[in-house]
$ cat work_15.txt   # compact mmCIF, C-alpha atoms
# COMPACT_ATOMS: atom_id res chain seq x y z
CA MET A 912 0.00 0.00 0.00
CA THR A 913 1.33 3.43 -0.94
CA VAL A 914 1.65 6.38 1.46
CA LEU A 915 -1.27 8.12 -0.26
CA GLU A 916 -3.44 5.01 0.07
CA THR A 917 -2.52 4.70 3.74
CA ASN A 918 -3.42 8.33 4.41
CA HIS A 919 -6.72 7.84 2.55
CA MET A 920 -7.62 4.91 4.79
CA LYS A 921 -6.81 6.92 7.91
CA GLU A 922 -8.87 9.89 6.73
CA LYS A 923 -11.95 7.66 6.46
CA SER A 924 -12.25 7.83 10.26
CA TYR A 925 -12.82 11.59 9.87
CA ALA A 926 -16.27 12.32 8.44
CA LEU A 927 -15.33 15.48 6.52
CA PRO A 928 -12.54 16.49 4.12
CA ASN A 929 -9.93 18.22 6.27
CA ASP A 930 -7.84 20.17 3.76
CA SER A 931 -10.25 22.29 1.69
CA GLU A 932 -11.10 25.99 1.92
CA ASP A 933 -14.78 25.17 2.52
CA GLU A 934 -13.88 22.89 5.41
CA TRP A 935 -11.50 25.43 6.95
CA GLU A 936 -14.27 28.03 6.74
CA ARG A 937 -16.74 25.64 8.41
CA LEU A 938 -14.22 24.91 11.18
CA ASN A 939 -13.60 28.62 11.74
CA ASP A 940 -17.36 29.21 11.98
CA LEU A 941 -17.68 26.33 14.43
CA HIS A 942 -14.80 27.71 16.52
CA ASP A 943 -16.51 31.12 16.56
CA GLY A 944 -19.80 29.50 17.60
CA VAL A 945 -18.19 27.63 20.49
CA THR A 946 -16.22 30.72 21.55
CA ARG A 947 -19.39 32.81 21.58
CA TYR A 948 -21.15 30.15 23.62
CA LEU A 949 -18.24 30.22 26.10
CA GLY A 950 -18.51 33.99 26.42
CA GLY A 951 -15.34 34.66 24.43
CA LYS A 952 -13.21 32.24 26.44
CA LEU A 953 -10.86 29.57 25.10
CA THR A 954 -12.18 27.09 27.64
CA LEU A 955 -14.12 26.79 30.88
CA ALA A 956 -10.90 25.80 32.68
CA PRO A 957 -8.89 28.24 34.83
CA LEU A 958 -5.76 28.45 32.70
CA PRO A 959 -2.31 28.98 34.25
CA GLU A 960 -0.71 32.39 33.91
CA MET A 961 2.21 31.14 31.83
CA PRO A 962 1.90 27.58 30.48
CA GLY A 963 5.14 26.31 28.98
CA ARG A 964 3.93 23.97 26.22
CA ILE A 965 0.45 23.61 24.73
CA LEU A 966 -0.67 20.90 22.31
CA GLU A 967 -3.86 20.93 20.25
CA LEU A 968 -4.85 17.59 18.76
CA GLY A 969 -6.97 17.70 15.62
CA ALA A 970 -6.25 21.38 15.09
CA GLY A 971 -8.33 21.65 11.90
CA SER A 972 -8.18 25.26 10.71
CA GLY A 973 -5.88 26.15 13.60
CA ALA A 974 -8.33 28.72 14.99
CA TRP A 975 -8.08 27.61 18.63
CA ALA A 976 -4.30 27.14 18.46
CA ILE A 977 -3.84 30.60 16.96
CA GLN A 978 -6.03 32.15 19.65
CA VAL A 979 -4.19 30.43 22.51
CA ALA A 980 -0.78 31.28 20.99
CA ARG A 981 -1.74 34.95 20.94
CA LYS A 982 -3.02 34.80 24.51
CA PHE A 983 0.22 33.19 25.71
CA PRO A 984 2.98 34.62 23.45
CA ARG A 985 5.74 33.07 25.61
CA SER A 986 4.29 29.56 25.39
CA GLU A 987 5.26 26.99 22.77
CA VAL A 988 2.08 25.95 20.94
CA ILE A 989 1.88 22.93 18.63
CA ALA A 990 -1.13 22.45 16.34
CA ALA A 991 -1.28 18.80 15.24
CA ASP A 992 -3.62 17.45 12.59
CA LEU A 993 -3.97 14.67 10.03
CA ALA A 994 -4.17 17.29 7.26
CA VAL A 995 -1.00 18.23 5.44
CA ALA A 996 -1.06 21.89 6.53
CA LEU A 997 -2.97 24.69 8.21
CA PRO A 998 -4.74 27.28 6.05
CA PRO A 999 -2.44 29.90 4.50
CA VAL A 1000 -2.82 32.50 7.26
CA ALA A 1001 -0.29 34.42 9.32
CA LEU A 1002 0.66 32.36 12.36
CA PRO A 1003 1.98 33.67 15.69
CA PRO A 1004 5.75 33.08 15.96
CA ASN A 1005 5.27 30.74 18.94
CA LEU A 1006 2.94 28.41 17.00
CA ARG A 1007 4.05 25.56 14.75
CA PHE A 1008 2.07 22.98 12.80
CA LEU A 1009 2.75 19.25 12.90
CA GLN A 1010 1.13 16.70 10.60
CA MET A 1011 0.35 13.73 12.80
CA ASP A 1012 -1.98 10.76 13.14
CA ILE A 1013 -3.24 10.53 16.72
CA THR A 1014 -3.47 6.74 16.49
CA GLU A 1015 0.25 6.40 15.67
CA PRO A 1016 3.16 6.72 18.15
CA PHE A 1017 3.55 10.31 19.33
CA PRO A 1018 6.72 12.25 18.47
CA PHE A 1019 6.71 13.79 21.96
CA LYS A 1020 8.30 12.96 25.27
CA PHE A 1021 6.29 11.53 28.14
CA GLU A 1022 4.61 14.22 30.29
CA SER A 1023 5.91 17.12 28.18
CA PHE A 1024 2.83 19.41 27.89
CA ASP A 1025 1.15 21.73 30.38
CA ILE A 1026 -2.09 21.75 28.35
CA VAL A 1027 -3.51 19.28 25.82
CA HIS A 1028 -6.67 20.32 23.96
CA ALA A 1029 -9.00 18.34 21.67
CA ARG A 1030 -12.25 19.68 20.21
CA PHE A 1031 -14.64 17.34 18.36
CA VAL A 1032 -11.77 14.88 17.96
CA MET A 1033 -12.42 11.99 20.36
CA ILE A 1034 -15.55 10.89 18.47
CA HIS A 1035 -13.41 10.21 15.38
CA ILE A 1036 -10.80 8.07 17.14
CA PRO A 1037 -11.38 4.29 17.06
CA HIS A 1038 -10.81 2.41 20.32
CA ILE A 1039 -10.83 5.70 22.22
CA GLU A 1040 -10.22 4.12 25.65
CA HIS A 1041 -6.76 3.00 24.53
CA HIS A 1042 -5.80 6.23 22.78
CA LEU A 1043 -7.16 8.41 25.59
CA GLN A 1044 -4.59 6.85 27.91
CA ARG A 1045 -1.85 7.66 25.40
CA ILE A 1046 -3.05 11.27 25.18
CA ILE A 1047 -3.14 11.59 28.97
CA SER A 1048 0.48 10.37 29.14
CA LEU A 1049 1.58 13.53 27.33
CA ILE A 1050 0.34 15.82 30.13
CA LYS A 1051 2.68 16.96 32.90
CA PRO A 1052 1.67 16.38 36.54
CA GLY A 1053 -0.66 19.24 37.42
CA GLY A 1054 -1.34 19.87 33.74
CA LEU A 1055 -4.72 20.19 32.04
CA LEU A 1056 -6.67 18.07 29.57
CA LEU A 1057 -9.30 20.18 27.77
CA VAL A 1058 -11.95 18.36 25.72
CA GLU A 1059 -15.10 19.45 23.92
CA ASP A 1060 -17.01 16.74 22.10
CA ILE A 1061 -20.36 15.51 20.86
CA ASP A 1062 -22.84 12.91 22.04
CA LEU A 1063 -24.80 11.60 19.06
CA CYS A 1064 -27.89 11.02 21.17
CA CYS A 1065 -30.44 12.50 18.73
CA LYS A 1066 -33.19 13.36 21.22
CA MET A 1067 -36.14 13.80 18.83
CA GLN A 1068 -39.62 15.27 19.09
CA GLY A 1069 -41.89 15.58 16.08
CA GLY A 1070 -42.07 13.91 12.69
CA ALA A 1071 -38.69 14.63 11.05
CA TRP A 1072 -38.16 11.02 10.01
CA ALA A 1073 -35.22 11.82 7.71
CA VAL A 1074 -33.32 13.65 10.45
CA GLU A 1075 -33.84 10.72 12.81
CA GLU A 1076 -32.81 8.17 10.16
CA CYS A 1077 -29.63 10.06 9.24
CA PHE A 1078 -28.51 10.27 12.85
CA ALA A 1079 -29.23 6.56 13.33
CA ARG A 1080 -26.93 5.88 10.37
CA MET A 1081 -24.20 8.11 11.82
CA ILE A 1082 -24.34 6.26 15.13
CA LYS A 1083 -24.21 2.85 13.41
CA SER A 1084 -21.29 3.96 11.24
CA CYS A 1085 -19.32 5.05 14.32
CA VAL A 1086 -19.94 1.73 16.03
CA ASP A 1087 -18.95 -0.20 12.89
CA LYS A 1088 -15.63 1.69 12.79
CA GLY A 1089 -14.87 1.11 16.46
CA GLN A 1090 -15.60 4.74 17.35
CA GLU A 1091 -17.65 5.87 20.34
CA PRO A 1092 -20.66 7.92 19.14
CA HIS A 1093 -21.56 8.84 22.75
CA ILE A 1094 -18.09 9.95 23.86
CA GLY A 1095 -19.56 13.25 25.04
CA ARG A 1096 -21.75 11.36 27.50
CA LYS A 1097 -19.12 8.80 28.56
CA LEU A 1098 -16.03 11.00 28.79
CA GLU A 1099 -16.40 11.97 32.44
CA GLN A 1100 -16.66 8.32 33.50
CA LEU A 1101 -13.58 7.36 31.46
CA LEU A 1102 -11.55 10.17 32.98
CA ARG A 1103 -12.60 9.38 36.54
CA GLU A 1104 -12.00 5.66 36.12
CA SER A 1105 -8.45 6.35 34.96
CA GLN A 1106 -7.69 7.66 38.50
CA ILE A 1107 -5.06 9.89 36.92
CA PHE A 1108 -6.77 13.22 37.58
CA SER A 1109 -7.12 15.11 40.84
CA GLU A 1110 -10.24 16.79 39.48
CA VAL A 1111 -12.58 16.18 36.55
CA ASN A 1112 -15.03 18.92 35.54
CA THR A 1113 -17.72 18.62 32.88
CA ARG A 1114 -20.61 20.68 31.57
CA TYR A 1115 -23.06 18.61 29.53
CA THR A 1116 -25.40 20.69 27.37
CA MET A 1117 -28.21 19.74 25.00
CA ILE A 1118 -27.92 21.78 21.80
CA PRO A 1119 -31.03 22.14 19.59
CA LEU A 1120 -30.42 21.67 15.88
CA ASN A 1121 -33.68 23.17 14.66
CA PRO A 1122 -33.44 25.70 11.83
CA GLY A 1123 -34.44 29.28 12.38
CA VAL A 1124 -32.88 29.68 15.82
CA ASP A 1125 -31.92 33.32 16.42
CA PRO A 1126 -28.27 33.54 15.21
CA ASP A 1127 -27.59 36.45 17.59
CA LEU A 1128 -27.96 34.18 20.60
CA SER A 1129 -24.88 32.23 21.68
CA LEU A 1130 -26.82 28.97 21.63
CA GLY A 1131 -28.32 29.81 18.25
CA ALA A 1132 -24.93 30.42 16.65
CA LEU A 1133 -23.63 27.09 17.91
CA SER A 1134 -26.85 25.34 16.87
CA ASN A 1135 -26.57 26.64 13.31
CA CYS A 1136 -22.91 25.62 13.05
CA LEU A 1137 -23.66 22.08 14.20
CA LEU A 1138 -26.58 21.75 11.78
CA GLU A 1139 -24.29 22.85 8.94
CA THR A 1140 -21.71 20.27 10.03
CA PHE A 1141 -24.19 17.41 10.09
CA THR A 1142 -25.59 18.46 6.70
CA LYS A 1143 -22.12 18.31 5.13
CA ILE A 1144 -21.44 14.97 6.77
CA LEU A 1145 -24.27 13.38 4.78
CA ASP A 1146 -22.29 13.84 1.55
CA THR A 1147 -18.83 12.91 2.85
CA TRP A 1148 -19.14 10.29 5.60
CA ASP A 1149 -17.76 7.05 4.17
CA GLY A 1150 -20.22 4.17 4.36
CA LEU A 1151 -23.20 6.23 5.53
CA GLY A 1152 -25.30 5.14 2.54
CA VAL A 1153 -27.59 8.17 2.31
CA SER A 1154 -29.79 7.84 -0.76
CA ALA A 1155 -30.80 10.79 -2.93
CA GLU A 1156 -34.36 10.49 -1.55
CA LEU A 1157 -33.16 10.57 2.05
CA ARG A 1158 -30.85 13.50 1.32
CA ARG A 1159 -33.71 15.50 -0.23
CA ALA A 1160 -35.93 14.73 2.75
CA TRP A 1161 -33.21 15.96 5.14
CA ASP A 1162 -32.95 19.23 3.19
CA GLU A 1163 -36.73 19.67 3.21
CA GLN A 1164 -37.08 18.94 6.92
CA THR A 1165 -34.20 21.22 7.99
CA THR A 1166 -35.44 24.33 6.17
CA ALA A 1167 -36.62 27.36 8.13
CA GLU A 1168 -40.18 26.69 6.93
CA MET A 1169 -40.20 23.52 9.03
CA GLU A 1170 -39.36 25.36 12.26
CA GLY A 1171 -41.61 24.19 15.05
CA ALA A 1172 -42.60 20.96 13.30
CA TRP A 1173 -39.88 18.99 15.08
CA ARG A 1174 -37.12 19.32 17.63
CA CYS A 1175 -33.78 17.54 17.70
CA GLU A 1176 -31.15 17.94 20.40
CA GLN A 1177 -27.58 16.68 20.49
CA GLY A 1178 -25.44 16.41 23.60
CA LEU A 1179 -22.29 18.49 23.86
CA VAL A 1180 -19.71 18.17 26.63
CA PHE A 1181 -17.21 20.78 27.78
CA SER A 1182 -14.62 19.11 29.98
CA TRP A 1183 -11.43 20.09 31.78
CA SER A 1184 -9.38 17.84 34.05
CA ARG A 1185 -6.21 18.35 36.07
CA LYS A 1186 -3.62 15.57 36.23
CA ARG A 1187 -2.44 14.53 39.66
CA GLY A 1188 0.79 16.19 40.76
$ encode --input "work_15.txt" --output "structure tokens"
Amino acid sequence: MTVLETNHMKEKSYALPNDSEDEWERLNDLHDGVTRYLGGKLTLAPLPEMPGRILELGAGSGAWAIQVARKFPRSEVIAADLAVALPPVALPPNLRFLQMDITEPFPFKFESFDIVHARFVMIHIPHIEHHLQRIISLIKPGGLLLVEDIDLCCKMQGGAWAVEECFARMIKSCVDKGQEPHIGRKLEQLLRESQIFSEVNTRYTMIPLNPGVDPDLSLGALSNCLLETFTKILDTWDGLGVSAELRRAWDEQTTAEMEGAWRCEQGLVFSWSRKRG
């Protein structure tokens, strides 16, 4: 198998193309939506005044890594992603990009980072229990693990059968690939059971995906970004098997005209944990 074929197989675990301008724009919008929901903060965690080294796993467009590098100009920030590069934007001098597959051996020393961050990444990683332990091993004693991720719970009310069917297919596809579709719900338990952290903090929020939510509200902005993400997934998720009829029904049922006819909520977890000293 060639290097290109190997990379293609690895990228199948990620439901969206990760190196296009459209995808970078979507990721930037999603970052802005999460940031607005967090009141302009990088995270819910109390960050140290001067962290030495910060690692972002699954950096995507690099938006979070760029923001944290600007906030902490004396810190070394590494943005790691399966993609071949970050978008062509000006990067802070203390930020560098590293192409890396999270499921392969890390090119870092044991306990070498003060902060490790992963946003909407854990759900894409097969056999997450094993790889979560590897990720935790990178954090220094007293350091922070910051995670934001989804729970594909699809809490439905109303008659949007296409929306419900598409989410059922997403969940099945995750399970078939060895991924955990409910990582947002199960993360706290996994972290506590590891007995590696002195404190584990989580905020679990149900995010409505209905169209027509006021985009000026912090929840509305995040809701619209997530709906856009799931809509794009229908065309790119390998093995999802969405027919043209099902795709048309999704589009019809997620238009603004259908507001109030149904309600769908997805779970979202914001988590920060401190490693024992």
$ residues_around --input "work_15.txt" --residues "Pro1052 of chain A" --least-positions-apart "6" --cutoff "10 Å" --atoms "all atoms listed in the file" --output "PyMOL selection string"
chain A and resi 1022-1025+1107-1109+1185-1188
$ write_last_selection --input "work_15.txt" --atoms "C-alpha atoms" --output "mmCIF file, in the coordinates of the input"
data_model
loop_
_atom_site.group_PDB
_atom_site.id
_atom_site.type_symbol
_atom_site.label_atom_id
_atom_site.label_comp_id
_atom_site.auth_asym_id
_atom_site.auth_seq_id
_atom_site.Cartn_x
_atom_site.Cartn_y
_atom_site.Cartn_z
ATOM 1 C CA GLU A 1022 4.610 14.220 30.290
ATOM 2 C CA SER A 1023 5.910 17.120 28.180
ATOM 3 C CA PHE A 1024 2.830 19.410 27.890
ATOM 4 C CA ASP A 1025 1.150 21.730 30.380
ATOM 5 C CA ILE A 1107 -5.060 9.890 36.920
ATOM 6 C CA PHE A 1108 -6.770 13.220 37.580
ATOM 7 C CA SER A 1109 -7.120 15.110 40.840
ATOM 8 C CA ARG A 1185 -6.210 18.350 36.070
ATOM 9 C CA LYS A 1186 -3.620 15.570 36.230
ATOM 10 C CA ARG A 1187 -2.440 14.530 39.660
ATOM 11 C CA GLY A 1188 0.790 16.190 40.760
#
$ atom_distance --input "work_15.txt" --atom1 "atom CA of Ala1155 of chain A" --atom2 "atom CA of Glu1176 of chain A"
24.4 Å
$ residues_around --input "work_15.txt" --residues "segment 1042-1050 of chain A" --least-positions-apart "3" --cutoff "9 Å" --atoms "only C-alpha atoms" --output "MDAnalysis selection string"
chainID A and resid 1013:1014 1016:1017 1019:1027 1033 1036:1039 1053:1056 1101:1102 1105 1107 1186
$ closest_residue --input "work_15.txt" --among "A:Cys1077, A:Val945, A:Val1180, A:Ala1172" --to "Ile1034 of chain A" --atoms "all atoms listed in the file"
A:Val1180
$ residues_around --input "work_15.txt" --residues "segment 970-981 of chain A" --least-positions-apart "2" --cutoff "6 Å" --atoms "all atoms listed in the file" --output "PyMOL selection string"
chain A and resi 935+967-968+983-984+990-992+997
$ atom_distance --input "work_15.txt" --atom1 "atom CA of Phe1181 of chain A" --atom2 "atom CA of Ala1073 of chain A"
28.4 Å
$ closest_atom_pairs --input "work_15.txt" --of "segment 1036-1071 of chain A" --to "segment 1141-1153 of chain A" --cutoff "12 Å" --atoms "all atoms listed in the file" --output "JSON lines"
{"residue": "A:Ile1061", "atom": "CA", "partner": "A:Phe1141", "partner_atom": "CA", "distance": 11.6}
{"residue": "A:Leu1063", "atom": "CA", "partner": "A:Phe1141", "partner_atom": "CA", "distance": 10.7}
{"residue": "A:Cys1065", "atom": "CA", "partner": "A:Phe1141", "partner_atom": "CA", "distance": 11.7}
$ closest_residue --input "work_15.txt" --among "A:His1041, A:Arg1080, A:His1028, A:Lys1097" --to "Trp1183 of chain A" --atoms "only C-alpha atoms"
A:His1028
$ atom_distance --input "work_15.txt" --atom1 "atom CA of Pro1004 of chain A" --atom2 "atom CA of Arg964 of chain A"
13.8 Å
$ closest_residue --input "work_15.txt" --among "A:Pro1119, A:Gly1095, A:Gly969, A:Pro1018" --to "Val995 of chain A" --atoms "all atoms listed in the file"
A:Gly969
$ residues_around --input "work_15.txt" --residues "Glu960 of chain A" --least-positions-apart "3" --cutoff "10 Å" --atoms "all atoms listed in the file" --output "number ranges by chain"
A: 957, 963, 982-983
$ residues_around --input "work_15.txt" --residues "Asp1060 of chain A" --least-positions-apart "2" --cutoff "9 Å" --atoms "all atoms listed in the file" --output "ChimeraX atom specification"
/A:1029-1034,1058,1062,1094-1096,1098,1178-1182
$ write_last_selection --input "work_15.txt" --atoms "C-alpha atoms" --output "compact mmCIF listing (two decimals), keeping the file's coordinate frame"
# COMPACT_ATOMS: atom_id res chain seq x y z
CA ALA A 1029 -9.00 18.34 21.67
CA ARG A 1030 -12.25 19.68 20.21
CA PHE A 1031 -14.64 17.34 18.36
CA VAL A 1032 -11.77 14.88 17.96
CA MET A 1033 -12.42 11.99 20.36
CA ILE A 1034 -15.55 10.89 18.47
CA VAL A 1058 -11.95 18.36 25.72
CA ASP A 1062 -22.84 12.91 22.04
CA ILE A 1094 -18.09 9.95 23.86
CA GLY A 1095 -19.56 13.25 25.04
CA ARG A 1096 -21.75 11.36 27.50
CA LEU A 1098 -16.03 11.00 28.79
CA GLY A 1178 -25.44 16.41 23.60
CA LEU A 1179 -22.29 18.49 23.86
CA VAL A 1180 -19.71 18.17 26.63
CA PHE A 1181 -17.21 20.78 27.78
CA SER A 1182 -14.62 19.11 29.98
